[in-house]
Structure formats: structure tokens, C-alpha cells
Amino acid sequence: MASPFTQLQKILKHEVQDGYRNRIVIGGIGRFADHWYRQARAALREHDPDVLLLLEAIYADLRRYEAANIEERRLLIEGIEARIQEALQRERELRTTRPAPATKDEPAVPPPSEPTPAPPVPPVEKPREEPSTPAPPPRPERAAPARPRSRGAPPVPPKLAAKVEAMGLDAPVHLIHGVGRERAQRLSRLGVQTIRDLLYLLPRRYVDFRALKPIHRLRIGEEVTVIGEVMDIGSKQTGNGLTVIRALLTDGSGIIECTWFNQPYLLDRIRPGQFIVVSGRVDEFLGRPVFRSPEWEPADRELLHTARIVPIYPLTEGLTQRLMRSVLKRVVDYWADRVEDPIPAWIREAYGFPDLPTALKQVHFPEDWEPLEKARRRLAFDEVFYLQIGLLEARRQWRSVPGRALAFDETALERAIEALPFSLTGAQRRALDQILADLRSGVPMNRLLQGEVGSGKTVVAALAAYAVFLAGAQGAIMAPTEILSEQHYRTLLSLAERWAGAGLPTPTIRLLTSGVSGAERAQIYGELAEGTCHLVVGTHALIQEEVAFQDLAFVVIDEQQRFGVLQRAALRGKGYNPHVLVMTATPIPRTLALTLYGDLDLSVLDEMPPGRRPVLTRWLMPEERERAYTFIRRQVEQGRQAYIICPLVEGSDKIEAKAAVEEYERLQREVFPDLRLGLIHGRMKSEEKEAVMSAFARGEIQILVATPVVEVGVDVPNATVILIEGADRFGLAQLHQFRGRVGRSSYQSYCLLLAESPSESAIERLRAIETIYDGFQLAQKDLEMRGPGDFLGTRQSGFPEMRLADLTDLRLLEIAREAAERLAERDPDLQAPEHRLLAEAVSRFWQGPVEPS
């Protein structure tokens, strides 16, 4: 057992080394003497009278220390040291002469396993060890600490235990002990309604407080844990009304000050003489280390907020980290082991995943970083696995319905391809062959055609629609905007003229948008119902109830991410299991394609037509705007055309961005008074936009000032420069879409980016778009920078939330896909008894039946 005299020796040794300046302990030797004396009296209360007399003499000298000068302090310490040696010698003599205990129940000499009276010095340089909990010195007046709640009892009031047990994980969270209805309402803002929701409310980060150090070895800035005894605690009011709680903590090696703000209740919870554990960042005050607002808890209880890897949870108003950890600990301790694992054991073993109870316990209160990483990966796998099961089921259901095998004149189709004014790229030919194989198969096609602006998606879709026409059936192409619909319509009419010129059968093609009305709309309705209209292009007008087809066999949905699930389903419903081709000009990394469109077959146009040059891209500072205008003028003088993109339609005091209307007037008046400018924005009527776009396409407008409405749907090969104002306000995908408006001919084209005051993330985007021209590389970069949120939003309704899965983790996606396919081979409907839990988990994840894209 350590002697209190030995502890004092250490303090005095440091004081001598410091030159007797009375600053080795906070508050000075005099204040430390009071604390040490109380501790020593408790330890020596039944000791030899001679030792107690030495104790009183030492205490008296310590109390005189503060008022003494340097020389007097030196003499005092020498005298104290002599008395300490005498006391230690007397203790050694007593240990050798003390008789053995008279009875087993009342030992004369305390065994070594009894609590030591002095606070222990924690082991040094073992940051990964869990700290042993020091026992406080015996204090008869202090009540024994409360025993922790048994883990065998549910964490709910006893009268509600049976009710909660019956409801299981679906029990409302307000029934949990310590939550109640008011806190449950606050938890609902975090998406927590049930005990299951609470188990899956995962920490957003963790703090490692396992680095345990003695006070005298603390370093400013490190995050550490200290175990010690409270010497003193008090409070004071600051000038601005704050209550500051100040406590002094010692572990025998030194003393440190801890402060908390506006927590007066701590005066009732932390008491002098109590052993506590403190974790936090070591700050500096007047040259000495201090803790400001550290985490703390009694040392005689299971540690939850300190001395471990501590979870940090998402919060909302009225909830604190200590409350969240306390509630989650009770819930995890009781309920995690009662969660049945829906993932079959053979899948967990094949891919090395822990079981679900272990994963839930480790993800909330991890023992170490490695089991935490395994737990997070297991829970991320669950999300992607359930996703893939749903996508494969949607694919299976789609393919299980009988489709229509279309037989068309292969020779006529090849002649139509030869009549094109250009040769198909290898990628276009591969995609067309895949689509034609689907049309012949008798299984309903559900395919995604992916290719960035200018890669030739429209031509591939047009040739597929022509094959359907040759088979005697009808086709429909739906686009999100009138401008894009009209462009597709013009492209198809020009192709039909070439086919007619080559002596080939020519389809009747109609345009149906909200701008078509009266007799013309009625005529189109009649032709579709009679089958004399072979191919219709339009917007949402195609899915109106009045639209009926005689034999719709092929549906194309362009820029499909702009349509909801129900809108796509409405168009499919116009025919009997028609073949469906969806198209997107947004390049999607392979990882996201597997995730977003796992229920579709995928065709990728990863080649640009020959003769196309990369669009040279430059990021300019605001002061270089005049240079940009000069460059645009030179391009116009060479016979080319230009776009100037503005983020807003009208001016806004809140957003510092160029407004298209104001900027158009300024540019026409001050910058390009001798040139022909046009204006287009989303608030214009359809016929107004059509008139402006037609004039721009004919070359009557030299510079088109526009809002992001031109992101899709404009094809003017003569346009060679695009200037994007407020470029820092757009994402990489949108900037790349804008850039695709130029570079659509053999002329060298340019993209100029103007940013007023870009953030760090915006600068990273601008640098990326300057140097990366491949859309798929940019998409991968965009995914890495912004995460999958924006891409997940493209699926709109029907797509489940992903909490943990990293959709840039291709390996995890491939494992989940492989496991889902292996499971589908064994039990595609999840009807086997051993897969009942899995079927329920998948249903909860998707929140209802899965709709195919």
C-alpha cells in the first residue's frame, strides 16, 4: 500500500527542482497541504501515535510555506523531508512487528487487494489499454455507489416491460426509460420512432479517449483521459452572467483544473474526495494545462463517456450527447442481442461479416477501430444487399411477363443506316445491336442507354424506332421539355427525308406537346388510335388520359431522371408490355450504375463522333471578363456563335449572380451594341422560346443570353464558345452539360468559366472541369467530391435511403450483387422458412413493393 508520505515526497521533489517558487501545484503548497492532510489522516487514523505526531508537525510546516521567503522555504522542506524519513522508518518497523490478524473477518494488516488510500498513478505510454478503475479511499460517511442496472431487465419502466416485450423492436421509443414523450418527439426529428430506429441511429463520428496519462505528463492539444480524485470544486459568476464550475483534480503526479460552463448541477454530482474519470482536449491557461468542458463520469461505474472510443451522435434541439449515449447504451445492451440476423449464415461466412448483434454493439460502442470498421462494413453491406435484392426482383418481374418479339426487315434497316449523313461509331453500333437483340427476344426490353452530350444517343434511338416501324408497330419518345422534344422531332424528320430519298418506307412522325392544341391535337389523337401515326415525340402530354395507341411496342424516355416512377409507368401503360429504352446524358460511374440502375440492362456510348475536338476550358477571374468579351467578339467575327449563361432570370439582392434579363440588356447596350443578341429563359412561353431557338439555329442571333434552360435540348453546331457566369454555383455534372452545348462540329470550341468568389470546393470543381474532358471521369470525380446524394436524388420516388453505404466502394457493390444473385438462384421469391427474416428486412428497406425503372 502506498504511503501518503511517499506521495508528499514526490511533490516536494518537484518543488525543489522548480526553485521553491510555490507553483508546482495549482493553488500552491498551502492549499495542497489541506487536501493531503485530510487524505493522510484517513489513511493513518488507526496508526502509531508517533507517526500521527509527525503528520501534525509536517502539516504545520506546510501551512507556513506560502508566507516564507525562498531561504525559509528551503529550510522548511529540509525539515519536512527529515520528518518524512522518520515516519517512513517507523512504518517499516511497525510492518515487521505487527501481529497476525486475530480472526479472518478482522485482519490486522489490510491485504494488498484492498483499495489504496492514495489515488493511483495511471500507467504511462499505453494509449490503447482500457484504464483500470481506481477505487477511492474508504470514507464511511459516503454511500456506496449505485449498482448498475442489470442487463437482463428491459430498459423500460417495470409496468411497461410486458408491453414492450410483446411489441419488440417496433415498440415506440417513448416507452424507453429516460425518454418519455417529450424526448421522443425530439428524437422523431432525427427519424427515430421505434426501438429499431434507435438501434439504427448510428454515430456520425467517434472520439478516441483511450490515451490514459498521468497529469504531470499531459501535453497541450492532445485528447487524453485522466483518472484522479477531486480536491476541490466550486462555482463563480462571470461578468456576462455565465456560471463557471471549477474543479481541481489530482492523481498523485500533479493537479489539473477542469472547468464547465452553465452546468451548476455539477456541484451536486461532483464532490471533493470523489474519484472521477475525465476525458477531453488539453488546453492551456496561463502556461499550465487545463481541461475545458471535458467529458466526465464517476470512476466506480462502467465508463461510457470517457476512457474509450466515444460515439458522437446526430443531435437536435433539446438532446445532448450524454443523454443520447446513456439511452443508446441501455437500448443496445438489452436489445442488440435480441435482434435476429436476417442475413443467412452462409453469406456472412462467405464474405467474412460479423453477425448483426455484434455489428450493432460495435458500431455504437466499439472496443477498437478494427471491430468498428468491420461493423460499419457489415451494416453498409446490408443496405446494398437489400437494394440489389429489390433491383433483381424488379428485373425478374419485368422479364417474367410475356413480351413481344418484333420481326423487322433487316435489309431495310441496314439501308437506313447507310443513308445516314455519317457513319455510326463503334459504341453506337454495339448499343444498337444490343437494343435490336432485345426487340427480337420476346422478353420486354428494360435498357438504359447512357452517353454524354454529343455521343449520338438520339440516332441510336431513332434507328431502333425505325426497326419497330418496319415491324408494323408504334413507338413513342418522351422528353422532359418542349425544346428537347422539338429538337428530337426535327432530327427524326430530317432522317425520314433521307430514308424517303433512299427509297425506303417512311414513318409518319408527329409532335405532341402542351403547345399543340385544338384541331391539330385531336388529329394526332386520332392517328395514334388508328395506327396511322407510327412515331410520336412529346412531353408529359403523351401520358394524358386521352392519348391511346393502337399498338405501342416501343417507348423511349429521354433524360429519364427528370421523370418520376409514376410518369414512366404511365407511358408504359399505353401499350401491352412495350419495350422500354431510357436515356441519360449524365455520365454515371460504374458503381452508381450498378446501384441506381441495377434492374436495367446497360448500354454505354463511350465514343464521340469522329472530327469532334475537346472543348478547351478556362477558368477566369472576374477582372478578366473584358478579355472574355473580346474573345467572344473575335469568334463572332469569324462567323461563329456564342452562349452566355446566367444563373438567374431576374436580379436578386440576396444572391450575387448575374441575372439573364438584366445582363442581356447590359450586354446589348454596353458591350455588343453592334451584334445581334437573343434572350431565352424558363419563364418565357413555349412559342417565344421556340422562336428564339429557331433564330439562333438559323444564325440570325449571334449571341444567346440564357439561363440553365439550355442545359439540354439545344443543338447548334455553329456555336463555338460558351461563357458561364457564376460558374462556382454549378456542380461538375451541370458544368459538363453546359460545355456540351458547344463542340458539336469540327470547329474548335471553348468554354469560359467566370467565378466571383469561389469556395474551396468550388475551386476544386473548376480545376477539375478545366483539365478533365471525359464525362465519365468527371462523373467519378463529382461522386468523390460530393458523395452519392445528388445521384441518388435522380431516382426520385421509389429509391430507399442509404445511411452507411459508400457508393464509391465498387468492391462492396460487387459483393452485394454477387450475393444477391447467388441467393436468387437458391430462393428467388424468398419463400423458404430460413429466409423469412430476410424477406421482412428487404420489405422494410424498400418500404413497399419495388417498381422497376
# chains A, B, ... in the order shown; residues from 1 in each chain; ligands from 1

$ residues_around --residues "Leu605 in chain A" --least-positions-apart "4" --cutoff "8 Å" --atoms "only C-alpha atoms" --output "PyMOL selection string"
chain A and resi 427-428+431+449-452+455-457

$ write_last_selection --atoms "N, CA and C atoms" --output "CSV table (one decimal), in the first residue's frame"
chain,number,residue,atom,x,y,z
A,427,ALA,N,-19.3,2.4,-80.7
A,427,ALA,CA,-20.1,2.3,-79.5
A,427,ALA,C,-21.6,2.4,-79.9
A,428,GLN,N,-21.9,3.2,-80.9
A,428,GLN,CA,-23.3,3.3,-81.3
A,428,GLN,C,-23.8,2.0,-81.9
A,431,ALA,N,-24.4,-0.6,-79.1
A,431,ALA,CA,-25.6,-0.3,-78.4
A,431,ALA,C,-26.8,-0.6,-79.3
A,449,LEU,N,-29.7,3.5,-72.0
A,449,LEU,CA,-28.7,4.0,-72.9
A,449,LEU,C,-28.0,5.2,-72.4
A,450,GLN,N,-26.7,5.1,-72.0
A,450,GLN,CA,-26.0,6.2,-71.3
A,450,GLN,C,-24.9,6.7,-72.2
A,451,GLY,N,-24.9,8.0,-72.4
A,451,GLY,CA,-23.9,8.7,-73.2
A,451,GLY,C,-23.9,10.2,-73.1
A,452,GLU,N,-22.8,10.8,-73.0
A,452,GLU,CA,-22.8,12.2,-72.7
A,452,GLU,C,-23.3,13.0,-74.0
A,455,SER,N,-22.8,12.3,-78.0
A,455,SER,CA,-22.3,10.9,-78.3
A,455,SER,C,-23.2,10.2,-79.3
A,456,GLY,N,-24.4,10.7,-79.6
A,456,GLY,CA,-25.2,10.1,-80.6
A,456,GLY,C,-26.3,9.2,-80.1
A,457,LYS,N,-26.9,9.5,-78.9
A,457,LYS,CA,-28.0,8.7,-78.4
A,457,LYS,C,-29.2,8.8,-79.2

$ residues_around --residues "Val226 in chain A" --least-positions-apart "2" --cutoff "9 Å" --atoms "only C-alpha atoms" --output "PyMOL selection string"
chain A and resi 122+211-215+224+228+249+251+276-279+307

$ closest_residue --among "A:Glu760, A:Glu626, A:Asp728, A:Asp606" --to "Phe776 in chain A" --atoms "only C-alpha atoms"
A:Asp606

$ closest_residue --among "A:Leu53, A:Leu766, A:Leu535, A:Leu62" --to "Gly30 in chain A" --atoms "only C-alpha atoms"
A:Leu62

$ select_by_dssp --residues "range 328-469 of chain A" --states "strand (DSSP E or B)" --output "PyMOL selection string"
chain A and resi 446-451

$ select_by_dssp --residues "range 189-223 of chain A" --states "alpha helix (DSSP H)" --output "ChimeraX atom specification"
/A:195-199

$ write_last_selection --atoms "all heavy atoms" --output "compact mmCIF listing (two decimals), in the first residue's frame"
# COMPACT_ATOMS: atom_id res chain seq x y z
N ILE A 195 -37.88 1.46 -31.36
CA ILE A 195 -36.61 0.96 -30.83
C ILE A 195 -35.70 0.55 -31.97
O ILE A 195 -34.49 0.76 -31.92
CB ILE A 195 -36.88 -0.22 -29.87
CG1 ILE A 195 -37.56 0.29 -28.59
CG2 ILE A 195 -35.58 -0.95 -29.53
CD1 ILE A 195 -37.98 -0.80 -27.63
N ARG A 196 -36.26 -0.02 -33.03
CA ARG A 196 -35.44 -0.40 -34.19
C ARG A 196 -34.78 0.85 -34.80
O ARG A 196 -33.60 0.83 -35.13
CB ARG A 196 -36.30 -1.09 -35.24
CG ARG A 196 -35.48 -1.69 -36.40
CD ARG A 196 -36.39 -2.12 -37.54
NE ARG A 196 -37.51 -2.90 -37.08
CZ ARG A 196 -37.47 -4.21 -36.85
NH1 ARG A 196 -36.34 -4.87 -37.03
NH2 ARG A 196 -38.55 -4.87 -36.43
N ASP A 197 -35.55 1.91 -34.93
CA ASP A 197 -34.98 3.15 -35.46
C ASP A 197 -33.82 3.63 -34.59
O ASP A 197 -32.81 4.12 -35.10
CB ASP A 197 -36.05 4.25 -35.52
CG ASP A 197 -37.16 3.94 -36.50
OD1 ASP A 197 -36.93 3.16 -37.44
OD2 ASP A 197 -38.28 4.47 -36.31
N LEU A 198 -33.98 3.51 -33.28
CA LEU A 198 -32.94 3.98 -32.37
C LEU A 198 -31.67 3.14 -32.53
O LEU A 198 -30.55 3.68 -32.52
CB LEU A 198 -33.45 3.92 -30.94
CG LEU A 198 -32.69 4.74 -29.89
CD1 LEU A 198 -32.59 6.19 -30.31
CD2 LEU A 198 -33.36 4.62 -28.54
N LEU A 199 -31.83 1.83 -32.69
CA LEU A 199 -30.66 0.97 -32.90
C LEU A 199 -29.91 1.35 -34.17
O LEU A 199 -28.69 1.18 -34.25
CB LEU A 199 -31.09 -0.50 -32.99
CG LEU A 199 -31.39 -1.21 -31.67
CD1 LEU A 199 -31.94 -2.60 -31.94
CD2 LEU A 199 -30.15 -1.31 -30.81

$ residues_around --residues "Pro673 in chain A" --least-positions-apart "3" --cutoff "12 Å" --atoms "only C-alpha atoms" --output "list in words"
Arg633, Tyr664, Glu665, Arg666, Leu667, Gln668, Arg669, Glu670, Arg676, Leu677, Gln702 and Ile703 of chain A

$ residues_around --residues "Glu725 in chain A" --least-positions-apart "2" --cutoff "10 Å" --atoms "only C-alpha atoms" --output "number ranges by chain"
A: 622, 625, 644-647, 657-660, 707, 722-723, 727-730, 752-756
